>>> print(open('model15.txt').read())   # compact mmCIF, C-alpha atoms and all ligand atoms
# COMPACT_ATOMS: atom_id res chain seq x y z
CA MET P 56 54.61 77.48 -51.56
CA VAL P 57 53.35 74.31 -53.31
CA LYS P 58 55.90 71.66 -54.28
CA HIS P 59 57.44 72.30 -57.67
CA HIS P 60 60.36 71.90 -60.03
CA VAL P 61 60.30 74.68 -62.61
CA LYS P 62 63.02 76.65 -64.35
CA ASP P 63 62.75 80.02 -62.62
CA LEU P 64 59.96 81.44 -60.47
CA ASN P 65 61.01 84.96 -61.50
CA LEU P 66 59.45 84.25 -64.92
CA ALA P 67 56.00 84.20 -63.30
CA PRO P 68 54.83 87.75 -64.23
CA GLN P 69 55.28 87.09 -67.96
CA GLY P 70 53.61 83.67 -67.61
CA LYS P 71 50.62 85.18 -65.82
CA LYS P 72 50.08 87.66 -68.65
CA ARG P 73 50.11 84.81 -71.17
CA ILE P 74 47.71 82.72 -69.12
CA GLU P 75 45.30 85.64 -68.89
CA TRP P 76 45.65 86.37 -72.62
CA ALA P 77 44.80 82.76 -73.46
CA ASP P 78 41.87 82.86 -71.04
CA ASN P 79 40.30 85.65 -73.14
CA ASP P 80 39.86 83.06 -75.90
CA MET P 81 38.64 80.23 -73.67
CA PRO P 82 35.08 81.28 -72.79
CA VAL P 83 33.62 77.77 -72.59
CA LEU P 84 36.29 76.62 -70.15
CA ARG P 85 35.71 79.82 -68.16
CA LYS P 86 32.02 79.06 -67.90
CA ILE P 87 32.86 75.61 -66.55
CA ARG P 88 35.35 77.14 -64.12
CA GLU P 89 32.68 79.47 -62.75
CA ARG P 90 30.33 76.54 -62.12
CA PHE P 91 33.13 74.40 -60.67
CA GLU P 92 34.00 77.21 -58.24
CA LYS P 93 30.42 77.22 -56.94
CA ASP P 94 29.62 73.48 -57.00
CA GLN P 95 33.04 72.01 -56.11
CA PRO P 96 32.44 68.75 -58.05
CA LEU P 97 36.09 67.69 -57.66
CA ALA P 98 36.39 68.57 -53.95
CA GLY P 99 39.32 66.78 -52.32
CA MET P 100 40.10 64.70 -55.41
CA ARG P 101 43.77 63.91 -55.94
CA MET P 102 44.62 64.33 -59.56
CA SER P 103 47.78 64.04 -61.71
CA ALA P 104 47.95 65.50 -65.18
CA CYS P 105 50.69 64.93 -67.75
CA LEU P 106 50.08 67.56 -70.45
CA HIS P 107 51.97 70.11 -72.51
CA VAL P 108 52.56 72.89 -69.98
CA THR P 109 51.23 75.85 -71.95
CA ALA P 110 49.09 78.91 -71.23
CA GLU P 111 46.02 76.97 -72.40
CA THR P 112 46.81 74.03 -70.11
CA ALA P 113 47.26 76.52 -67.29
CA ASN P 114 43.62 77.54 -67.72
CA LEU P 115 42.54 73.91 -67.58
CA ALA P 116 44.62 73.46 -64.41
CA ARG P 117 42.95 76.53 -62.88
CA THR P 118 39.56 75.07 -63.75
CA LEU P 119 40.32 71.71 -62.14
CA LYS P 120 41.65 73.44 -59.04
CA ALA P 121 38.58 75.70 -58.92
CA GLY P 122 36.48 72.53 -58.85
CA GLY P 123 38.36 71.40 -55.74
CA ALA P 124 41.00 69.09 -57.24
CA ASP P 125 44.36 68.66 -55.53
CA LEU P 126 46.39 68.74 -58.73
CA VAL P 127 49.96 67.95 -59.78
CA LEU P 128 50.90 68.91 -63.35
CA VAL P 129 53.91 67.50 -65.24
CA ALA P 130 55.08 67.84 -68.85
CA SER P 131 53.99 65.41 -71.55
CA ASN P 132 56.95 66.32 -73.77
CA PRO P 133 60.44 67.50 -72.80
CA LEU P 134 60.39 70.38 -75.30
CA SER P 135 56.89 71.81 -75.01
CA THR P 136 56.95 73.43 -71.56
CA GLN P 137 56.49 77.19 -71.42
CA ASP P 138 58.74 77.97 -68.44
CA ASP P 139 57.08 81.29 -67.65
CA VAL P 140 53.67 79.61 -67.52
CA ALA P 141 55.01 76.85 -65.25
CA ALA P 142 56.42 79.52 -62.91
CA SER P 143 53.16 81.44 -62.79
CA LEU P 144 51.10 78.33 -62.06
CA VAL P 145 53.24 77.73 -58.99
CA LYS P 146 53.57 81.31 -57.81
CA ASP P 147 50.26 82.89 -58.74
CA TYR P 148 47.85 79.94 -58.79
CA ASP P 149 49.30 77.58 -56.12
CA ILE P 150 49.40 74.64 -58.49
CA SER P 151 52.19 72.06 -58.17
CA VAL P 152 54.14 71.88 -61.44
CA PHE P 153 57.13 69.70 -62.31
CA ALA P 154 58.24 70.68 -65.82
CA ILE P 155 61.25 72.40 -67.36
CA ARG P 156 61.64 73.06 -71.06
CA GLY P 157 64.50 70.94 -72.42
CA GLU P 158 64.51 68.55 -69.44
CA ASP P 159 66.41 65.34 -70.16
CA HIS P 160 64.81 61.91 -70.39
CA LYS P 161 65.69 61.05 -66.78
CA THR P 162 64.16 64.26 -65.39
CA TYR P 163 61.11 63.84 -67.62
CA TYR P 164 60.39 60.44 -66.06
CA GLU P 165 61.29 61.62 -62.54
CA HIS P 166 58.56 64.23 -62.95
CA ILE P 167 56.08 61.61 -64.13
CA ARG P 168 56.95 59.45 -61.10
CA THR P 169 56.40 62.45 -58.83
CA ALA P 170 52.93 62.82 -60.34
CA ILE P 171 52.19 59.15 -59.71
CA GLU P 172 53.50 59.34 -56.14
CA HIS P 173 50.84 62.00 -55.58
CA ASN P 174 48.48 58.96 -55.42
CA PRO P 175 45.94 60.23 -57.95
CA GLN P 176 42.30 59.13 -58.10
CA ILE P 177 42.02 60.66 -61.57
CA THR P 178 44.78 61.05 -64.14
CA MET P 179 45.02 62.94 -67.40
CA ASP P 180 47.51 62.22 -70.14
CA ASP P 181 48.66 63.54 -73.51
CA GLY P 182 50.42 60.56 -75.08
CA ALA P 183 49.82 57.98 -72.27
CA ASP P 184 53.27 58.23 -70.66
CA LEU P 185 51.77 58.68 -67.19
CA VAL P 186 49.29 55.80 -67.47
CA SER P 187 51.85 53.43 -69.00
CA THR P 188 54.42 54.23 -66.26
CA LEU P 189 51.70 53.80 -63.63
CA HIS P 190 50.89 50.32 -64.96
CA ALA P 191 54.53 49.30 -65.46
CA GLU P 192 56.06 50.57 -62.23
CA TYR P 193 53.28 51.20 -59.69
CA PRO P 194 50.72 48.37 -60.05
CA ASP P 195 49.73 48.75 -56.35
CA LYS P 196 48.49 52.30 -57.05
CA LEU P 197 46.13 51.29 -59.86
CA LYS P 198 43.31 50.40 -57.47
CA ASN P 199 43.02 54.06 -56.37
CA VAL P 200 42.43 55.32 -59.91
CA LYS P 201 38.77 55.88 -60.85
CA GLY P 202 39.47 57.02 -64.36
CA SER P 203 41.89 58.60 -66.76
CA MET P 204 41.52 60.99 -69.69
CA GLU P 205 43.64 60.77 -72.84
CA GLU P 206 44.13 63.84 -75.02
CA THR P 207 45.84 62.62 -78.16
CA THR P 208 45.61 60.11 -81.03
CA THR P 209 48.94 58.47 -80.17
CA GLY P 210 47.86 57.95 -76.56
CA ILE P 211 44.58 56.32 -77.64
CA ILE P 212 46.51 53.95 -79.93
CA ARG P 213 48.68 52.91 -76.95
CA LEU P 214 45.71 52.53 -74.58
CA ARG P 215 43.73 50.41 -77.05
CA ALA P 216 46.83 48.20 -77.49
CA MET P 217 47.06 47.86 -73.69
CA HIS P 218 43.37 46.93 -73.50
CA ARG P 219 43.75 44.33 -76.30
CA ASP P 220 46.65 42.75 -74.41
CA GLY P 221 44.60 42.64 -71.17
CA ALA P 222 47.16 45.01 -69.61
CA LEU P 223 44.83 47.96 -69.00
CA LYS P 224 43.56 48.02 -65.38
CA ILE P 225 41.69 51.34 -65.17
CA PRO P 226 38.81 52.94 -67.09
CA VAL P 227 40.07 55.50 -69.59
CA PHE P 228 38.29 58.09 -71.71
CA ALA P 229 39.27 58.67 -75.33
CA VAL P 230 38.96 62.46 -75.15
CA ASN P 231 40.84 62.71 -78.46
CA ASP P 232 38.02 60.82 -80.18
CA ALA P 233 35.33 63.28 -79.09
CA GLU P 234 34.10 65.34 -82.04
CA THR P 235 34.49 68.48 -79.91
CA LYS P 236 38.19 67.57 -79.85
CA TYR P 237 39.46 66.07 -83.08
CA LEU P 238 37.30 67.97 -85.58
CA PHE P 239 38.68 71.25 -84.30
CA ASP P 240 41.90 70.72 -82.32
CA ASN P 241 43.42 68.10 -84.63
CA ARG P 242 42.25 69.70 -87.86
CA TYR P 243 42.35 73.47 -87.31
CA GLY P 244 44.64 73.50 -84.27
CA THR P 245 47.38 71.26 -85.66
CA GLY P 246 46.81 72.67 -89.13
CA GLN P 247 47.57 76.22 -88.05
CA SER P 248 50.13 75.63 -85.28
CA THR P 249 52.25 73.37 -87.51
CA VAL P 250 52.47 76.14 -90.10
CA ASP P 251 53.28 78.57 -87.29
CA GLY P 252 56.14 76.39 -85.94
CA ILE P 253 57.69 75.84 -89.36
CA ILE P 254 57.56 79.50 -90.29
CA ARG P 255 58.94 80.67 -86.94
CA ALA P 256 61.79 78.15 -87.25
CA THR P 257 62.70 78.78 -90.90
CA ASP P 258 61.01 81.91 -92.31
CA PHE P 259 59.89 79.57 -95.11
CA LEU P 260 57.83 81.04 -97.98
CA VAL P 261 55.02 78.57 -98.60
CA ALA P 262 53.76 79.89 -101.94
CA GLY P 263 54.98 77.82 -104.86
CA LYS P 264 56.75 75.20 -102.70
CA LYS P 265 56.26 71.44 -102.86
CA VAL P 266 55.10 70.36 -99.42
CA VAL P 267 54.92 66.66 -98.58
CA VAL P 268 52.44 65.74 -95.82
CA ALA P 269 52.86 62.22 -94.44
CA GLY P 270 49.52 61.06 -93.02
CA TYR P 271 46.00 62.18 -93.90
CA GLY P 272 44.28 61.77 -90.54
CA TRP P 273 42.56 64.81 -89.04
CA CYS P 274 45.87 66.53 -88.27
CA GLY P 275 47.31 65.82 -91.72
CA LYS P 276 44.08 67.02 -93.36
CA GLY P 277 44.23 70.27 -91.45
CA PHE P 278 47.85 70.93 -92.31
CA ALA P 279 47.45 69.98 -95.99
CA MET P 280 44.42 72.29 -96.24
CA ARG P 281 46.34 75.21 -94.77
CA MET P 282 49.37 74.63 -97.03
CA LYS P 283 47.11 74.55 -100.09
CA GLY P 284 45.47 77.79 -98.97
CA MET P 285 48.89 79.43 -98.76
CA GLY P 286 49.81 78.46 -102.31
CA ALA P 287 51.88 75.30 -101.88
CA ASN P 288 51.72 72.28 -104.19
CA VAL P 289 50.74 69.66 -101.65
CA ILE P 290 51.67 65.98 -101.89
CA VAL P 291 50.12 63.49 -99.47
CA THR P 292 51.61 60.11 -98.58
CA GLU P 293 49.38 57.50 -96.92
CA VAL P 294 49.23 53.79 -96.11
CA HIS P 295 45.45 53.70 -95.70
CA PRO P 296 43.60 53.31 -99.05
CA ILE P 297 40.44 55.22 -98.03
CA ARG P 298 42.42 58.15 -96.68
CA ALA P 299 44.63 58.14 -99.77
CA LEU P 300 41.52 58.25 -101.95
CA GLU P 301 40.08 61.04 -99.86
CA ALA P 302 43.32 63.03 -100.24
CA ALA P 303 43.27 62.49 -104.01
CA MET P 304 39.65 63.67 -104.27
CA ASP P 305 40.40 66.62 -102.01
CA GLY P 306 42.73 67.68 -104.82
CA PHE P 307 46.15 66.61 -103.51
CA TRP P 308 48.86 64.64 -105.28
CA VAL P 309 49.15 61.20 -103.66
CA MET P 310 52.25 59.04 -104.07
CA PRO P 311 54.64 56.85 -102.03
CA MET P 312 57.23 58.62 -99.91
CA SER P 313 59.98 57.12 -102.08
CA GLU P 314 58.66 59.25 -105.00
CA ALA P 315 57.73 62.30 -102.94
CA ALA P 316 61.22 62.32 -101.41
CA LYS P 317 62.69 63.32 -104.77
CA ILE P 318 60.56 66.43 -105.24
CA GLY P 319 59.61 67.87 -101.86
CA ASP P 320 60.94 71.16 -100.49
CA LEU P 321 59.36 70.59 -97.08
CA PHE P 322 58.40 67.26 -95.46
CA VAL P 323 56.08 67.04 -92.47
CA THR P 324 55.20 63.79 -90.70
CA ILE P 325 51.82 63.64 -88.90
CA THR P 326 51.08 59.93 -88.77
CA GLY P 327 51.52 58.62 -85.21
CA ASP P 328 53.75 55.91 -86.65
CA ILE P 329 57.46 55.15 -86.54
CA HIS P 330 60.19 55.88 -89.15
CA VAL P 331 57.94 57.29 -91.82
CA ILE P 332 60.95 59.17 -93.22
CA ARG P 333 64.11 57.07 -93.18
CA LYS P 334 67.42 56.31 -94.95
CA GLU P 335 66.01 55.49 -98.39
CA HIS P 336 64.07 58.78 -98.35
CA PHE P 337 66.90 61.01 -97.11
CA GLU P 338 69.07 59.51 -99.85
CA ARG P 339 66.71 60.88 -102.51
CA MET P 340 66.01 64.35 -101.10
CA LYS P 341 67.02 67.56 -102.82
CA ASP P 342 69.69 69.85 -101.43
CA GLY P 343 68.09 72.14 -98.85
CA ALA P 344 65.09 69.92 -98.06
CA ILE P 345 63.45 70.75 -94.73
CA VAL P 346 62.11 67.92 -92.55
CA ALA P 347 59.79 68.38 -89.58
CA ASN P 348 57.50 66.29 -87.42
CA SER P 349 54.12 67.27 -86.00
CA GLY P 350 53.19 63.85 -84.61
CA HIS P 351 53.23 63.30 -80.85
CA PHE P 352 56.51 61.37 -80.49
CA ASN P 353 59.90 62.08 -82.06
CA VAL P 354 59.97 58.67 -83.79
CA GLU P 355 58.38 59.54 -87.13
CA ILE P 356 61.66 60.72 -88.64
CA ASN P 357 64.51 58.23 -88.33
CA ILE P 358 67.12 60.62 -86.97
CA ASP P 359 69.68 57.83 -86.44
CA ASP P 360 69.57 57.19 -90.19
CA LEU P 361 70.12 60.88 -90.88
CA GLU P 362 73.03 61.01 -88.40
CA ALA P 363 74.57 57.93 -90.07
CA LEU P 364 74.24 59.40 -93.57
CA ALA P 365 75.69 62.79 -92.63
CA LYS P 366 79.36 63.66 -92.80
CA GLU P 367 78.76 66.86 -90.84
CA LYS P 368 76.10 68.18 -88.49
CA HIS P 369 75.74 71.86 -87.63
CA GLU P 370 73.44 72.41 -84.70
CA ASN P 371 71.22 75.46 -84.39
CA VAL P 372 72.12 77.13 -87.68
CA ARG P 373 68.95 78.95 -86.70
CA ASN P 374 66.89 78.46 -83.57
CA ASN P 375 65.29 74.99 -83.84
CA VAL P 376 67.13 74.14 -87.08
CA ASP P 377 69.96 71.56 -87.36
CA GLU P 378 71.80 71.20 -90.66
CA TYR P 379 72.99 67.77 -91.81
CA VAL P 380 75.50 67.66 -94.68
CA LEU P 381 75.41 64.36 -96.55
CA GLN P 382 78.45 62.68 -98.16
CA ASP P 383 77.77 64.30 -101.56
CA GLY P 384 77.33 67.76 -100.03
CA ARG P 385 73.50 67.87 -100.07
CA ARG P 386 72.09 69.58 -96.98
CA ILE P 387 69.01 68.47 -95.07
CA PHE P 388 67.53 70.70 -92.38
CA LEU P 389 65.86 68.99 -89.43
CA LEU P 390 63.52 71.12 -87.34
CA ALA P 391 63.22 70.92 -83.55
CA GLN P 392 65.16 67.64 -83.34
CA GLY P 393 62.17 65.87 -84.84
CA ARG P 394 59.98 66.77 -81.86
CA LEU P 395 56.52 68.12 -82.43
CA ILE P 396 57.19 71.32 -84.29
CA ASN P 397 54.05 73.21 -83.27
CA LEU P 398 54.90 73.12 -79.57
CA ALA P 399 58.69 73.09 -79.83
CA ALA P 400 59.03 76.04 -82.22
CA ALA P 401 55.70 77.82 -81.65
CA GLU P 402 53.09 77.97 -78.88
CA GLY P 403 50.93 74.98 -79.79
CA HIS P 404 47.33 75.34 -80.86
CA PRO P 405 45.58 78.65 -80.35
CA ALA P 406 43.57 79.06 -77.16
CA SER P 407 40.26 79.28 -78.99
CA VAL P 408 40.53 75.69 -80.17
CA MET P 409 42.01 74.38 -76.90
CA ASP P 410 38.91 75.89 -75.27
CA MET P 411 36.85 73.00 -76.63
CA SER P 412 39.47 70.31 -76.02
CA PHE P 413 39.97 71.36 -72.43
CA ALA P 414 36.26 71.91 -71.79
CA THR P 415 35.90 68.28 -72.87
CA GLN P 416 38.68 67.28 -70.46
CA ALA P 417 37.16 69.18 -67.53
CA LEU P 418 33.63 67.83 -67.99
CA THR P 419 34.84 64.27 -68.60
CA THR P 420 36.89 64.49 -65.38
CA GLU P 421 33.72 65.38 -63.50
CA TYR P 422 31.87 62.51 -65.19
CA ALA P 423 34.63 59.98 -64.46
CA LEU P 424 34.57 60.90 -60.79
CA LYS P 425 30.77 60.65 -60.51
CA ASN P 426 30.37 57.31 -62.31
CA ASP P 427 31.71 53.82 -61.59
CA LEU P 428 32.88 52.53 -64.91
CA PRO P 429 34.32 49.20 -66.05
CA VAL P 430 37.91 48.89 -67.27
CA ALA P 431 37.72 49.86 -70.97
CA VAL P 432 38.49 52.68 -73.38
CA HIS P 433 35.30 54.76 -73.10
CA ASP P 434 33.88 57.42 -75.38
CA VAL P 435 33.11 60.88 -74.04
CA PRO P 436 29.33 60.99 -73.36
CA ALA P 437 27.34 62.68 -76.14
CA GLU P 438 25.66 65.10 -73.71
CA ILE P 439 29.07 66.56 -72.85
CA GLU P 440 29.88 67.09 -76.52
CA ASN P 441 26.48 68.68 -77.22
CA TRP P 442 26.77 71.03 -74.27
CA ILE P 443 30.25 72.17 -75.34
CA SER P 444 29.25 72.72 -79.00
CA LEU P 445 26.23 74.78 -78.02
CA ALA P 446 28.25 76.79 -75.51
CA LYS P 447 30.96 77.48 -78.11
CA LEU P 448 28.40 78.53 -80.72
CA GLU P 449 26.83 80.87 -78.17
CA THR P 450 30.19 82.52 -77.46
CA MET P 451 30.65 82.97 -81.23
CA GLY P 452 27.23 84.65 -81.48
CA ILE P 453 25.90 81.86 -83.72
CA GLN P 454 22.37 80.57 -83.37
CA ILE P 455 21.05 77.40 -84.99
CA ASP P 456 17.64 75.93 -85.80
CA GLU P 457 15.75 73.46 -83.63
CA LEU P 458 13.84 70.47 -84.96
CA THR P 459 10.08 71.02 -85.22
CA GLU P 460 7.80 68.37 -83.68
CA GLU P 461 6.97 67.19 -87.22
CA GLN P 462 10.69 66.81 -88.04
CA LYS P 463 11.39 64.92 -84.81
CA GLN P 464 8.58 62.53 -85.63
CA TYR P 465 9.78 62.11 -89.23
CA LEU P 466 13.33 61.35 -88.12
CA SER P 467 12.16 58.72 -85.67
CA SER P 468 9.75 56.94 -88.02
CA TRP P 469 10.36 54.46 -90.81
CA GLU P 470 6.96 54.27 -92.49
CA MET P 471 7.23 57.32 -94.76
CA GLY P 472 9.25 56.73 -97.96
CA THR P 473 9.02 57.64 -101.67
N1 LIG P 501 48.51 70.54 -77.77
C1 LIG P 501 48.59 71.27 -78.88
N2 LIG P 501 48.54 72.58 -78.62
C2 LIG P 501 48.44 72.70 -77.28
C3 LIG P 501 48.35 73.82 -76.41
N3 LIG P 501 48.33 75.07 -76.86
N4 LIG P 501 48.25 73.55 -75.10
C4 LIG P 501 48.25 72.28 -74.66
N5 LIG P 501 48.33 71.21 -75.41
C5 LIG P 501 48.42 71.41 -76.73
>>> encode(input="model15.txt", output="structure tokens", more="lines below")
Ligand code: ADE
Amino acid sequence: MVKHHVKDLNLAPQGKKRIEWADNDMPVLRKIRERFEKDQPLAGMRMSACLHVTAETANLARTLKAGGADLVLVASNPLSTQDDVAASLVKDYDISVFAIRGEDHKTYYEHIRTAIEHNPQITMDDGADLVSTLHAEYPDKLKNVKGSMEETTTGIIRLRAMHRDGALKIPVFAVNDAETKYLFDNRYGTGQSTVDGIIRATDFLVAGKKVVVAGYGWCGKGFAMRMKGMGANVIVTEVHPIRALEAAMDGFWVMPMSEAAKIGDLFVTITGDIHVIRKEHFERMKDGAIVANSGHFNVEINIDDLEALAKEKHENVRNNVDEYVLQDGRRIFLLAQGRLINLAAAEGHPASVMDMSFATQALTTEYALKNDLPVAVHDVPAEIENWISLAKLETMGIQIDELTEEQKQYLSSWEMGT
């Protein structure tokens, strides 16, 4: 059996069913897998991926393996691993997985080091923990790496900071910034799966509630839109003036968190930044306020501040809900220890949307291997995005128009005006 560290291989049958169920909704990735199986574009390539270990990721891993990759998969978050899926990947698909839901910080990084010690030529990250550890602790291995893919906004922010500091030593692809990724995964994926996680954790009725959304990037937009659709009064907090204006014109209340803190029933951070909800905000919240995070890292809510303010903490008053009782008796409920709620309390984004994200990952992997690229943060090539959009439309039974010759000429000329 392939090398692994998973919770329990006996969970494999359930995991296999979930992988196959997700595959039903991933037709574009399946099409790529069928071609990869025939053409073997990744033959013999050593690859390490640090992703949320879910049923959808399992189908990406199968696709990379079908293309010939020698793959090791580790978790990109200690709380997002689906243990049954991890077991099935090892047992049924012969893919090396090192990931256990709830693993501690030390084990999380041991797994990442195991992935790096696999000596990858290509890496894939969701949050840049693998690439940053590779640079910090294994500089001698950097020369083997032809390219790396990054899945999420937070990871891109870290990689661009590395590049600005001259610290980045390998070419990376900003998969998150592909339109086939963020327009759908960030907006509709995060939008829906964040609602799913909150409802599974709390049984919260959305209608009529005041929901505060911190951050109006693509993820925040998606979540705010869904909350509005379910009857909430949505308040957006932002630091970016254009986004704040956009939120206001999209019909949301916009105000500073210090004001929103007084009126919200539910607070959700989706900013990618640190300590967006902190002491001065907890101090103003109503009794029974619920606080959750859907950003990549568990830094958006200052949990130390909450711990310091509380006179009592009751863990797991419901699955994924901790109750903090403040000095004056007000209660604040923190969901999933401030970790990303959609993967900790639900199953992450639906397969149909991950189909496009992971199709983008698979095709960009092939591209990175074929091309010698300079050290930089690269965009996903437009032809990959076009192919994926057309393939997805086809699977949805949607046809679109083509430009006529006259239109092509018009669009490429400048002479014709008023
Ligand atoms: N990120 C968000 N949802 C996900 C999912 N279902 N699988 C992998 N990564 C994800």
>>> closest_residue(input="model15.txt", among="P:Gly472, P:Gly284, P:Gly221, P:Pro82", to="Asn114 of chain P", atoms="all atoms listed in the file")
P:Pro82
>>> atom_distance(input="model15.txt", atom1="atom CA of Asp328 of chain P", atom2="atom CA of Val354 of chain P")
7.4 Å
>>> closest_residue(input="model15.txt", among="P:Asp410, P:Glu457, P:Glu402, P:Glu234", to="Thr249 of chain P", atoms="all atoms listed in the file")
P:Glu402
>>> residues_near_ligand(input="model15.txt", ligand="ligand LIG 501 (chain P)", cutoff="6 Å", atoms="only C-alpha atoms and all ligand atoms", output="list of chain:residue names")
P:His107, P:Thr109, P:Glu111, P:Thr112, P:Glu402, P:Gly403, P:His404, P:Pro405
>>> atom_distance(input="model15.txt", atom1="atom CA of Ala399 of chain P", atom2="atom CA of Ala299 of chain P")
28.6 Å
>>> atom_distance(input="model15.txt", atom1="atom CA of Leu448 of chain P", atom2="atom CA of Val227 of chain P")
28.1 Å
>>> closest_residue(input="model15.txt", among="P:Arg168, P:His295, P:Arg156, P:Arg88", to="Val309 of chain P", atoms="all atoms listed in the file")
P:His295
>>> closest_residue(input="model15.txt", among="P:Leu134, P:Val140, P:Val372, P:Ile171", to="Leu66 of chain P", atoms="all atoms listed in the file")
P:Val140
>>> residues_around(input="model15.txt", residues="Leu364 of chain P", least_positions_apart="6", cutoff="12 Å", atoms="all atoms listed in the file", output="number ranges by chain")
P: 333-339, 357-358, 379-387
>>> residues_around(input="model15.txt", residues="Gly252 of chain P", least_positions_apart="2", cutoff="12 Å", atoms="all atoms listed in the file", output="MDAnalysis selection string")
chainID P and resid 135 244:250 254:259 278 323 347:349 374:376 390:391 394:404
>>> closest_residue(input="model15.txt", among="P:Thr169, P:Thr324, P:Gln176, P:Ser407", to="Thr188 of chain P", atoms="only C-alpha atoms")
P:Thr169
>>> closest_residue(input="model15.txt", among="P:Thr207, P:Gln95, P:Thr473, P:Thr450", to="Gly123 of chain P", atoms="all atoms listed in the file")
P:Gln95
>>> residues_near_point(input="model15.txt", point="(46.9, 61.6, -54.6)", cutoff="10 Å", atoms="only C-alpha atoms", output="ChimeraX atom specification")
/P:99-103,124-127,170-178,196,199-200
>>> residues_around(input="model15.txt", residues="Gly306 of chain P", least_positions_apart="5", cutoff="10 Å", atoms="all atoms listed in the file", output="number ranges by chain")
P: 280, 283, 289-290, 300-301
>>> residues_around(input="model15.txt", residues="Glu205 of chain P", least_positions_apart="2", cutoff="8 Å", atoms="only C-alpha atoms", output="number ranges by chain")
P: 179-183, 203, 207, 210-211, 227-231
>>> residues_around(input="model15.txt", residues="Ser151 of chain P", least_positions_apart="3", cutoff="6 Å", atoms="all atoms listed in the file", output="JSON, numbers by chain")
{"P": [57, 58, 59, 127, 145]}
>>> axis_aligned_box(input="model15.txt", around="segment 372-380 of chain P", padding_each_side="8 Å", output="AutoDock Vina command-line options")
--center_x 70.4 --center_y 73.3 --center_z -89.1 --size_x 26.2 --size_y 27.3 --size_z 27.1
